[in-house]
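**Student:** So here's query_17.cif (mmCIF, N, CA and C atoms).
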```
data_upload
loop_
_atom_site.label_atom_id
_atom_site.label_comp_id
_atom_site.auth_asym_id
_atom_site.auth_seq_id
_atom_site.Cartn_x
_atom_site.Cartn_y
_atom_site.Cartn_z
N GLN A 1 50.68 -169.29 74.18
CA GLN A 1 50.61 -168.43 73.00
C GLN A 1 49.79 -169.14 71.92
N VAL A 2 48.81 -168.44 71.40
CA VAL A 2 47.94 -169.02 70.38
C VAL A 2 48.57 -168.84 69.01
N GLN A 3 48.59 -169.92 68.24
CA GLN A 3 49.08 -169.84 66.87
C GLN A 3 48.14 -170.59 65.95
N LEU A 4 47.86 -169.98 64.82
CA LEU A 4 47.14 -170.63 63.73
C LEU A 4 48.05 -170.54 62.52
N VAL A 5 48.45 -171.69 61.98
CA VAL A 5 49.41 -171.70 60.89
C VAL A 5 48.81 -172.40 59.69
N GLU A 6 48.63 -171.62 58.62
CA GLU A 6 48.07 -172.17 57.38
C GLU A 6 49.17 -172.78 56.53
N SER A 7 48.82 -173.79 55.76
CA SER A 7 49.76 -174.43 54.83
C SER A 7 48.99 -175.01 53.66
N GLY A 8 49.72 -175.30 52.57
CA GLY A 8 49.13 -175.98 51.43
C GLY A 8 48.71 -175.09 50.28
N GLY A 9 48.95 -173.80 50.38
CA GLY A 9 48.58 -172.92 49.29
C GLY A 9 49.53 -173.05 48.11
N GLY A 10 49.26 -172.27 47.08
CA GLY A 10 50.14 -172.29 45.92
C GLY A 10 49.40 -171.97 44.64
N LEU A 11 50.01 -172.37 43.53
CA LEU A 11 49.47 -172.11 42.20
C LEU A 11 48.79 -173.37 41.68
N VAL A 12 47.59 -173.19 41.15
CA VAL A 12 46.84 -174.31 40.59
C VAL A 12 46.11 -173.82 39.34
N GLN A 13 45.93 -174.71 38.38
CA GLN A 13 45.24 -174.35 37.15
C GLN A 13 43.73 -174.32 37.36
N PRO A 14 43.04 -173.54 36.58
CA PRO A 14 41.57 -173.56 36.65
C PRO A 14 41.04 -174.97 36.47
N GLY A 15 40.06 -175.32 37.30
CA GLY A 15 39.51 -176.66 37.28
C GLY A 15 40.22 -177.62 38.20
N GLY A 16 41.34 -177.20 38.73
CA GLY A 16 42.13 -178.06 39.60
C GLY A 16 41.65 -178.05 41.03
N SER A 17 42.40 -178.79 41.87
CA SER A 17 42.05 -178.92 43.28
C SER A 17 43.25 -178.57 44.15
N LEU A 18 42.94 -178.18 45.36
CA LEU A 18 43.97 -177.84 46.33
C LEU A 18 43.36 -178.01 47.72
N ARG A 19 44.17 -178.45 48.66
CA ARG A 19 43.72 -178.51 50.04
C ARG A 19 44.63 -177.67 50.90
N VAL A 20 44.04 -176.75 51.63
CA VAL A 20 44.79 -175.94 52.60
C VAL A 20 44.45 -176.43 54.00
N SER A 21 45.44 -176.32 54.87
CA SER A 21 45.30 -176.78 56.25
C SER A 21 45.63 -175.65 57.20
N CYS A 22 45.10 -175.76 58.39
CA CYS A 22 45.39 -174.79 59.44
C CYS A 22 45.60 -175.55 60.74
N ALA A 23 46.81 -175.49 61.24
CA ALA A 23 47.15 -176.16 62.50
C ALA A 23 47.10 -175.15 63.63
N ALA A 24 46.34 -175.49 64.66
CA ALA A 24 46.16 -174.59 65.80
C ALA A 24 46.92 -175.10 67.01
N SER A 25 47.42 -174.16 67.79
CA SER A 25 48.05 -174.50 69.06
C SER A 25 47.73 -173.41 70.07
N GLY A 26 47.75 -173.79 71.34
CA GLY A 26 47.50 -172.82 72.40
C GLY A 26 46.04 -172.60 72.71
N ILE A 27 45.15 -173.36 72.10
CA ILE A 27 43.72 -173.27 72.39
C ILE A 27 43.14 -174.66 72.59
N THR A 28 41.99 -174.72 73.26
CA THR A 28 41.26 -175.98 73.34
C THR A 28 40.46 -176.09 72.06
N PHE A 29 41.07 -176.72 71.10
CA PHE A 29 40.61 -176.65 69.71
C PHE A 29 39.15 -177.04 69.56
N ALA A 30 38.71 -178.09 70.21
CA ALA A 30 37.35 -178.60 70.01
C ALA A 30 36.28 -177.61 70.44
N ASN A 31 36.65 -176.63 71.27
CA ASN A 31 35.69 -175.64 71.74
C ASN A 31 35.42 -174.55 70.72
N TYR A 32 36.29 -174.43 69.74
CA TYR A 32 36.27 -173.29 68.84
C TYR A 32 35.57 -173.59 67.52
N VAL A 33 34.81 -172.61 67.08
CA VAL A 33 34.35 -172.62 65.69
C VAL A 33 35.54 -172.21 64.83
N MET A 34 35.81 -173.01 63.81
CA MET A 34 36.92 -172.72 62.91
C MET A 34 36.38 -172.24 61.57
N GLY A 35 37.05 -171.27 61.01
CA GLY A 35 36.57 -170.73 59.75
C GLY A 35 37.70 -170.43 58.78
N TRP A 36 37.33 -170.42 57.53
CA TRP A 36 38.23 -169.97 56.46
C TRP A 36 37.62 -168.71 55.83
N TYR A 37 38.48 -167.73 55.66
CA TYR A 37 38.10 -166.48 55.03
C TYR A 37 39.09 -166.22 53.90
N ARG A 38 38.74 -165.32 53.00
CA ARG A 38 39.67 -164.99 51.93
C ARG A 38 39.56 -163.52 51.57
N GLN A 39 40.65 -163.01 51.06
CA GLN A 39 40.68 -161.64 50.60
C GLN A 39 41.41 -161.58 49.26
N ALA A 40 40.66 -161.23 48.25
CA ALA A 40 41.23 -161.09 46.91
C ALA A 40 41.79 -159.67 46.76
N PRO A 41 42.71 -159.49 45.84
CA PRO A 41 43.30 -158.15 45.63
C PRO A 41 42.21 -157.11 45.35
N GLY A 42 42.26 -156.02 46.12
CA GLY A 42 41.32 -154.94 45.91
C GLY A 42 39.93 -155.18 46.45
N LYS A 43 39.75 -156.29 47.16
CA LYS A 43 38.41 -156.62 47.69
C LYS A 43 38.46 -156.78 49.20
N GLU A 44 37.29 -156.75 49.81
CA GLU A 44 37.20 -156.95 51.25
C GLU A 44 37.30 -158.44 51.59
N ARG A 45 37.70 -158.71 52.82
CA ARG A 45 37.75 -160.09 53.28
C ARG A 45 36.34 -160.65 53.36
N GLU A 46 36.19 -161.89 52.93
CA GLU A 46 34.88 -162.52 52.96
C GLU A 46 34.98 -163.91 53.60
N ALA A 47 33.88 -164.32 54.21
CA ALA A 47 33.82 -165.65 54.80
C ALA A 47 33.64 -166.69 53.71
N VAL A 48 34.36 -167.78 53.83
CA VAL A 48 34.28 -168.87 52.86
C VAL A 48 33.56 -170.08 53.46
N ALA A 49 33.98 -170.49 54.65
CA ALA A 49 33.41 -171.69 55.25
C ALA A 49 33.67 -171.66 56.75
N ARG A 50 32.74 -172.28 57.50
CA ARG A 50 32.90 -172.38 58.94
C ARG A 50 32.47 -173.77 59.38
N ILE A 51 33.07 -174.22 60.49
CA ILE A 51 32.72 -175.53 61.01
C ILE A 51 32.74 -175.46 62.53
N SER A 52 31.70 -175.98 63.15
CA SER A 52 31.62 -175.98 64.61
C SER A 52 32.46 -177.11 65.17
N GLY A 53 32.62 -177.09 66.48
CA GLY A 53 33.37 -178.16 67.12
C GLY A 53 32.76 -179.53 66.89
N GLY A 54 31.44 -179.55 66.72
CA GLY A 54 30.73 -180.81 66.49
C GLY A 54 30.64 -181.21 65.04
N GLY A 55 31.15 -180.34 64.14
CA GLY A 55 31.20 -180.70 62.73
C GLY A 55 30.12 -180.10 61.85
N ASN A 56 29.27 -179.23 62.41
CA ASN A 56 28.28 -178.56 61.57
C ASN A 56 28.98 -177.53 60.69
N THR A 57 28.62 -177.50 59.42
CA THR A 57 29.33 -176.65 58.47
C THR A 57 28.42 -175.60 57.84
N ASN A 58 29.06 -174.54 57.37
CA ASN A 58 28.36 -173.47 56.67
C ASN A 58 29.32 -172.97 55.59
N LEU A 59 28.85 -172.95 54.35
CA LEU A 59 29.69 -172.50 53.24
C LEU A 59 29.05 -171.34 52.51
N ALA A 60 29.87 -170.47 52.00
CA ALA A 60 29.39 -169.36 51.18
C ALA A 60 28.77 -169.89 49.89
N ASP A 61 27.80 -169.15 49.39
CA ASP A 61 27.13 -169.58 48.15
C ASP A 61 28.13 -169.74 47.00
N SER A 62 29.15 -168.90 46.98
CA SER A 62 30.09 -168.90 45.86
C SER A 62 30.96 -170.15 45.81
N VAL A 63 31.03 -170.89 46.92
CA VAL A 63 31.90 -172.07 46.94
C VAL A 63 31.14 -173.36 47.23
N ARG A 64 29.87 -173.24 47.57
CA ARG A 64 29.10 -174.44 47.91
C ARG A 64 29.06 -175.38 46.72
N GLY A 65 29.32 -176.65 47.00
CA GLY A 65 29.37 -177.66 45.94
C GLY A 65 30.77 -177.85 45.38
N ARG A 66 31.68 -176.93 45.67
CA ARG A 66 33.05 -177.03 45.20
C ARG A 66 34.04 -177.17 46.35
N PHE A 67 33.79 -176.52 47.45
CA PHE A 67 34.68 -176.53 48.61
C PHE A 67 34.06 -177.35 49.74
N THR A 68 34.93 -177.97 50.52
CA THR A 68 34.50 -178.71 51.70
C THR A 68 35.40 -178.33 52.87
N ILE A 69 34.79 -178.03 53.99
CA ILE A 69 35.55 -177.76 55.22
C ILE A 69 35.41 -178.97 56.15
N SER A 70 36.52 -179.31 56.79
CA SER A 70 36.49 -180.42 57.75
C SER A 70 37.51 -180.13 58.85
N ARG A 71 37.42 -180.89 59.91
CA ARG A 71 38.35 -180.69 61.02
C ARG A 71 38.70 -182.03 61.65
N ASP A 72 39.89 -182.06 62.23
CA ASP A 72 40.34 -183.22 62.99
C ASP A 72 40.70 -182.69 64.37
N ASN A 73 39.80 -182.89 65.31
CA ASN A 73 40.02 -182.35 66.66
C ASN A 73 41.21 -183.02 67.36
N ALA A 74 41.53 -184.24 66.97
CA ALA A 74 42.67 -184.93 67.57
C ALA A 74 44.00 -184.31 67.11
N LYS A 75 43.97 -183.72 65.92
CA LYS A 75 45.18 -183.11 65.36
C LYS A 75 45.17 -181.58 65.45
N ASN A 76 44.09 -181.03 66.03
CA ASN A 76 43.97 -179.57 66.14
C ASN A 76 44.12 -178.90 64.78
N THR A 77 43.50 -179.48 63.78
CA THR A 77 43.69 -179.00 62.41
C THR A 77 42.34 -178.90 61.70
N VAL A 78 42.20 -177.83 60.92
CA VAL A 78 41.03 -177.66 60.07
C VAL A 78 41.52 -177.61 58.63
N TYR A 79 40.69 -178.16 57.75
CA TYR A 79 41.06 -178.27 56.34
C TYR A 79 40.02 -177.58 55.46
N LEU A 80 40.49 -177.13 54.31
CA LEU A 80 39.58 -176.62 53.28
C LEU A 80 39.98 -177.31 51.97
N GLN A 81 39.13 -178.22 51.53
CA GLN A 81 39.35 -178.90 50.26
C GLN A 81 38.66 -178.09 49.18
N MET A 82 39.43 -177.66 48.19
CA MET A 82 38.91 -176.80 47.14
C MET A 82 39.00 -177.53 45.80
N ASN A 83 37.86 -177.76 45.20
CA ASN A 83 37.79 -178.43 43.91
C ASN A 83 37.21 -177.49 42.86
N SER A 84 37.39 -177.85 41.61
CA SER A 84 36.85 -177.04 40.50
C SER A 84 37.20 -175.57 40.68
N LEU A 85 38.45 -175.32 40.96
CA LEU A 85 38.87 -173.95 41.25
C LEU A 85 38.75 -173.04 40.04
N LYS A 86 38.41 -171.80 40.32
CA LYS A 86 38.22 -170.78 39.30
C LYS A 86 39.21 -169.64 39.53
N PRO A 87 39.53 -168.88 38.51
CA PRO A 87 40.44 -167.73 38.72
C PRO A 87 39.93 -166.78 39.80
N GLU A 88 38.62 -166.66 39.92
CA GLU A 88 38.08 -165.75 40.95
C GLU A 88 38.24 -166.28 42.37
N ASP A 89 38.73 -167.50 42.52
CA ASP A 89 39.05 -168.03 43.85
C ASP A 89 40.44 -167.57 44.30
N THR A 90 41.18 -166.91 43.43
CA THR A 90 42.49 -166.40 43.80
C THR A 90 42.37 -165.40 44.93
N ALA A 91 43.10 -165.66 46.01
CA ALA A 91 43.03 -164.80 47.20
C ALA A 91 44.04 -165.28 48.23
N VAL A 92 44.21 -164.46 49.25
CA VAL A 92 44.88 -164.91 50.45
C VAL A 92 43.82 -165.53 51.35
N TYR A 93 44.05 -166.76 51.75
CA TYR A 93 43.10 -167.49 52.58
C TYR A 93 43.58 -167.47 54.03
N TYR A 94 42.66 -167.09 54.91
CA TYR A 94 42.96 -166.97 56.33
C TYR A 94 42.16 -167.98 57.13
N CYS A 95 42.80 -168.51 58.13
CA CYS A 95 42.15 -169.38 59.09
C CYS A 95 41.80 -168.55 60.33
N ALA A 96 40.64 -168.83 60.91
CA ALA A 96 40.24 -168.12 62.12
C ALA A 96 39.60 -169.09 63.11
N ALA A 97 39.83 -168.82 64.39
CA ALA A 97 39.23 -169.60 65.47
C ALA A 97 38.42 -168.66 66.34
N SER A 98 37.19 -169.01 66.62
CA SER A 98 36.35 -168.13 67.42
C SER A 98 35.61 -168.92 68.50
N TRP A 99 35.48 -168.27 69.64
CA TRP A 99 34.75 -168.85 70.79
C TRP A 99 34.14 -167.70 71.55
N GLY A 100 32.86 -167.49 71.35
CA GLY A 100 32.23 -166.31 71.90
C GLY A 100 32.85 -165.07 71.28
N ARG A 101 33.34 -164.16 72.13
CA ARG A 101 33.94 -162.94 71.62
C ARG A 101 35.44 -163.08 71.37
N ILE A 102 35.97 -164.25 71.68
CA ILE A 102 37.39 -164.49 71.48
C ILE A 102 37.62 -164.93 70.04
N GLU A 103 38.61 -164.33 69.41
CA GLU A 103 38.88 -164.65 68.01
C GLU A 103 40.37 -164.56 67.76
N TYR A 104 40.86 -165.56 67.03
CA TYR A 104 42.27 -165.58 66.64
C TYR A 104 42.35 -165.79 65.13
N TRP A 105 43.41 -165.23 64.55
CA TRP A 105 43.59 -165.32 63.10
C TRP A 105 44.98 -165.82 62.75
N GLY A 106 45.05 -166.55 61.65
CA GLY A 106 46.33 -166.90 61.09
C GLY A 106 46.83 -165.77 60.21
N LYS A 107 48.04 -165.95 59.69
CA LYS A 107 48.65 -164.89 58.88
C LYS A 107 48.22 -164.96 57.42
N GLY A 108 47.62 -166.06 57.03
CA GLY A 108 47.12 -166.18 55.67
C GLY A 108 48.07 -166.91 54.75
N ILE A 109 47.49 -167.47 53.70
CA ILE A 109 48.28 -168.19 52.71
C ILE A 109 47.69 -167.91 51.33
N LEU A 110 48.56 -167.73 50.34
CA LEU A 110 48.13 -167.34 49.02
C LEU A 110 47.74 -168.55 48.19
N VAL A 111 46.56 -168.45 47.58
CA VAL A 111 46.11 -169.44 46.59
C VAL A 111 45.90 -168.69 45.29
N THR A 112 46.58 -169.15 44.25
CA THR A 112 46.48 -168.51 42.94
C THR A 112 45.96 -169.52 41.94
N VAL A 113 44.87 -169.16 41.29
CA VAL A 113 44.28 -170.03 40.27
C VAL A 113 44.51 -169.37 38.92
N SER A 114 45.38 -169.97 38.14
CA SER A 114 45.76 -169.36 36.88
C SER A 114 46.37 -170.41 35.95
N SER A 115 46.17 -170.19 34.66
CA SER A 115 46.78 -171.09 33.68
C SER A 115 48.12 -170.53 33.22
#
```
Just dump the structure as structure tokens.

**Tutor:**
Amino acid sequence: QVQLVESGGGLVQPGGSLRVSCAASGITFANYVMGWYRQAPGKEREAVARISGGGNTNLADSVRGRFTISRDNAKNTVYLQMNSLKPEDTAVYYCAASWGRIEYWGKGILVTVSS
């Protein structure tokens, strides 16, 4: 059974930092491209960052320079380090694993940026 479990969300003040994690099980983790997506209230889900099994990364323009995606294949975990957070970063953040046409999603975790 495949599971992607996000953790580390919560409330943070503008300008602050937060790291969210996603622990995967039931897949050969190193084979999968891992991604973080987010959905803000009233908006469509958008891609935030992706990382290949070999560590190549791709970040959305809105977060480049502030967010970093990384992975630890030994721990089957992908991370999203978020710095200089803005209120517009408030969203439910989802972890996803993809390999060809195969795709799995986590249930999401809420990140709220507010004073």

**Student:** Considering only helix (DSSP H, G or I) as DSSP defines it on the backbone, what residues of chain A qualify? List them as number ranges by chain.

**Tutor:** A: 29-31, 87-89

**Student:** The PyMOL selection byres (((chain A and resi 47 and name CA) around 8) and name CA) on the file shown: which residues, as a compact mmCIF listing (two decimals) with N, CA and C atoms, in the coordinates of the input?

**Tutor:**
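What ended up in expr-v8.txt:
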```txt
# COMPACT_ATOMS: atom_id res chain seq x y z
N GLY A 35 37.05 -171.27 61.01
CA GLY A 35 36.57 -170.73 59.75
C GLY A 35 37.70 -170.43 58.78
N TRP A 36 37.33 -170.42 57.53
CA TRP A 36 38.23 -169.97 56.46
C TRP A 36 37.62 -168.71 55.83
N TYR A 37 38.48 -167.73 55.66
CA TYR A 37 38.10 -166.48 55.03
C TYR A 37 39.09 -166.22 53.90
N ARG A 38 38.74 -165.32 53.00
CA ARG A 38 39.67 -164.99 51.93
C ARG A 38 39.56 -163.52 51.57
N ARG A 45 37.70 -158.71 52.82
CA ARG A 45 37.75 -160.09 53.28
C ARG A 45 36.34 -160.65 53.36
N GLU A 46 36.19 -161.89 52.93
CA GLU A 46 34.88 -162.52 52.96
C GLU A 46 34.98 -163.91 53.60
N VAL A 48 34.36 -167.78 53.83
CA VAL A 48 34.28 -168.87 52.86
C VAL A 48 33.56 -170.08 53.46
N ALA A 49 33.98 -170.49 54.65
CA ALA A 49 33.41 -171.69 55.25
C ALA A 49 33.67 -171.66 56.75
N ARG A 50 32.74 -172.28 57.50
CA ARG A 50 32.90 -172.38 58.94
C ARG A 50 32.47 -173.77 59.38
N ALA A 60 29.87 -170.47 52.00
CA ALA A 60 29.39 -169.36 51.18
C ALA A 60 28.77 -169.89 49.89
```

**Student:** Given the file shown, determine the residues that the PyMOL selection byres ((chain A and resi 107) around 6) selects; report them as a ChimeraX atom specification.

**Tutor:** /A:4,6,94,105-106,108-109

**Student:** Convert the output of the PyMOL selection byres (((chain A and resi 8 and name CA) around 7) and name CA) on the shown file into explicit residues, formatted as a list in words.

**Tutor:** Ser7, Gly9, Gly10, Arg19, Val20 and Ser21 of chain A

**Student:** What is the CA of Ser17 (chain A) to atom C of Leu80 (chain A) distance in Å?

**Tutor:** 9.1 Å

**Student:** Within 6 Å of Ile51 (chain A), counting only C-alpha atoms, which residues show up once you throw out same-chain ones fewer than 3 positions away? Write them as a list in words, please.

**Tutor:**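 Neighbouring residues, sequence-local ones excluded: Val33, Met34, Gly55, Asn56 and Thr57 of chain A.
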
**Student:** Which of these residues is nearest to Phe67 (chain A), using all atoms listed in the file: A:Ser52, A:Ser84, A:Gln13, A:Thr90?

**Tutor:** A:Ser84

**Student:** Choose the residue, out of A:Gly65, A:Gly26, A:Pro14, A:Gly54, that has the smallest atom-to-atom separation from Gln81 (chain A); count only C-alpha atoms.

**Tutor:**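 With only C-alpha atoms as the atom set, the closest residue is A:Gly65.
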
**Student:** Can you work out the spacing between CA of Trp99 (chain A) and atom C of Pro41 (chain A) in Å, to one decimal?

**Tutor:**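 Value for the CA of Trp99 (chain A)-atom C of Pro41 (chain A) distance: 29.0 Å.
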
**Student:** Given the choices A:Leu59, A:Ala91, A:Ala97, A:Thr68, which gets closest to Phe29 (chain A) if the distance is worked out from only C-alpha atoms?

**Tutor:**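 Closest residue, counting only C-alpha atoms: A:Ala97.
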
**Student:** Please determine, counting all atoms listed in the file, which residue among A:Val111, A:Ala96, A:Ala23, A:Leu18 has the shortest atom-to-atom distance to Val5 (chain A).

**Tutor:**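 Of A:Val111, A:Ala96, A:Ala23, A:Leu18, the one nearest Val5 (chain A) is A:Ala23, counting all atoms listed in the file.
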
**Student:** Calculated over only C-alpha atoms, which of the candidates A:Leu110, A:Ile102, A:Leu11, A:Cys95 has the smallest distance to Tyr79 (chain A)?

**Tutor:**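 For Tyr79 (chain A), the nearest of the given residues is A:Cys95.
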
**Student:** When distances are computed from all atoms listed in the file, which of A:Glu44, A:Arg101, A:Ala30, A:Lys86 shows the smallest separation from Asp72 (chain A)?

**Tutor:**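 Of A:Glu44, A:Arg101, A:Ala30, A:Lys86, the one nearest Asp72 (chain A) is A:Ala30, counting all atoms listed in the file.
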
**Student:** Hey, what's within 6 Å of Thr77 (chain A) if we count only N, CA and C atoms and toss same-chain stuff fewer than 4 positions away? As a PDB file with N, CA and C atoms, in the frame of the given file, please?

**Tutor:**
```
ATOM      1  N   CYS A  22      45.100-175.760  58.390  1.00  0.00           N
ATOM      2  CA  CYS A  22      45.390-174.790  59.440  1.00  0.00           C
ATOM      3  C   CYS A  22      45.600-175.550  60.740  1.00  0.00           C
ATOM      4  N   ALA A  23      46.810-175.490  61.240  1.00  0.00           N
ATOM      5  CA  ALA A  23      47.150-176.160  62.500  1.00  0.00           C
ATOM      6  C   ALA A  23      47.100-175.150  63.630  1.00  0.00           C
ATOM      7  N   ALA A  24      46.340-175.490  64.660  1.00  0.00           N
ATOM      8  CA  ALA A  24      46.160-174.590  65.800  1.00  0.00           C
ATOM      9  C   ALA A  24      46.920-175.100  67.010  1.00  0.00           C
ATOM     10  N   SER A  70      36.520-179.310  56.790  1.00  0.00           N
ATOM     11  CA  SER A  70      36.490-180.420  57.750  1.00  0.00           C
ATOM     12  C   SER A  70      37.510-180.130  58.850  1.00  0.00           C
ATOM     13  N   ARG A  71      37.420-180.890  59.910  1.00  0.00           N
ATOM     14  CA  ARG A  71      38.350-180.690  61.020  1.00  0.00           C
ATOM     15  C   ARG A  71      38.700-182.030  61.650  1.00  0.00           C
ATOM     16  N   ASP A  72      39.890-182.060  62.230  1.00  0.00           N
ATOM     17  CA  ASP A  72      40.340-183.220  62.990  1.00  0.00           C
ATOM     18  C   ASP A  72      40.700-182.690  64.370  1.00  0.00           C
ATOM     19  N   ASN A  73      39.800-182.890  65.310  1.00  0.00           N
ATOM     20  CA  ASN A  73      40.020-182.350  66.660  1.00  0.00           C
ATOM     21  C   ASN A  73      41.210-183.020  67.360  1.00  0.00           C
TER      22      ASN A  73
END
```

**Student:** Could you pull out the strand (DSSP E or B) residues of region 64-102 of chain A from DSSP and send them as a ChimeraX atom specification?

**Tutor:** /A:64,67-72,77-82,91-99,102

**Student:** What does the distance between atom C of Asn31 (chain A) and CA of Asn83 (chain A) come to in Å, to one decimal place?

**Tutor:** 27.2 Å
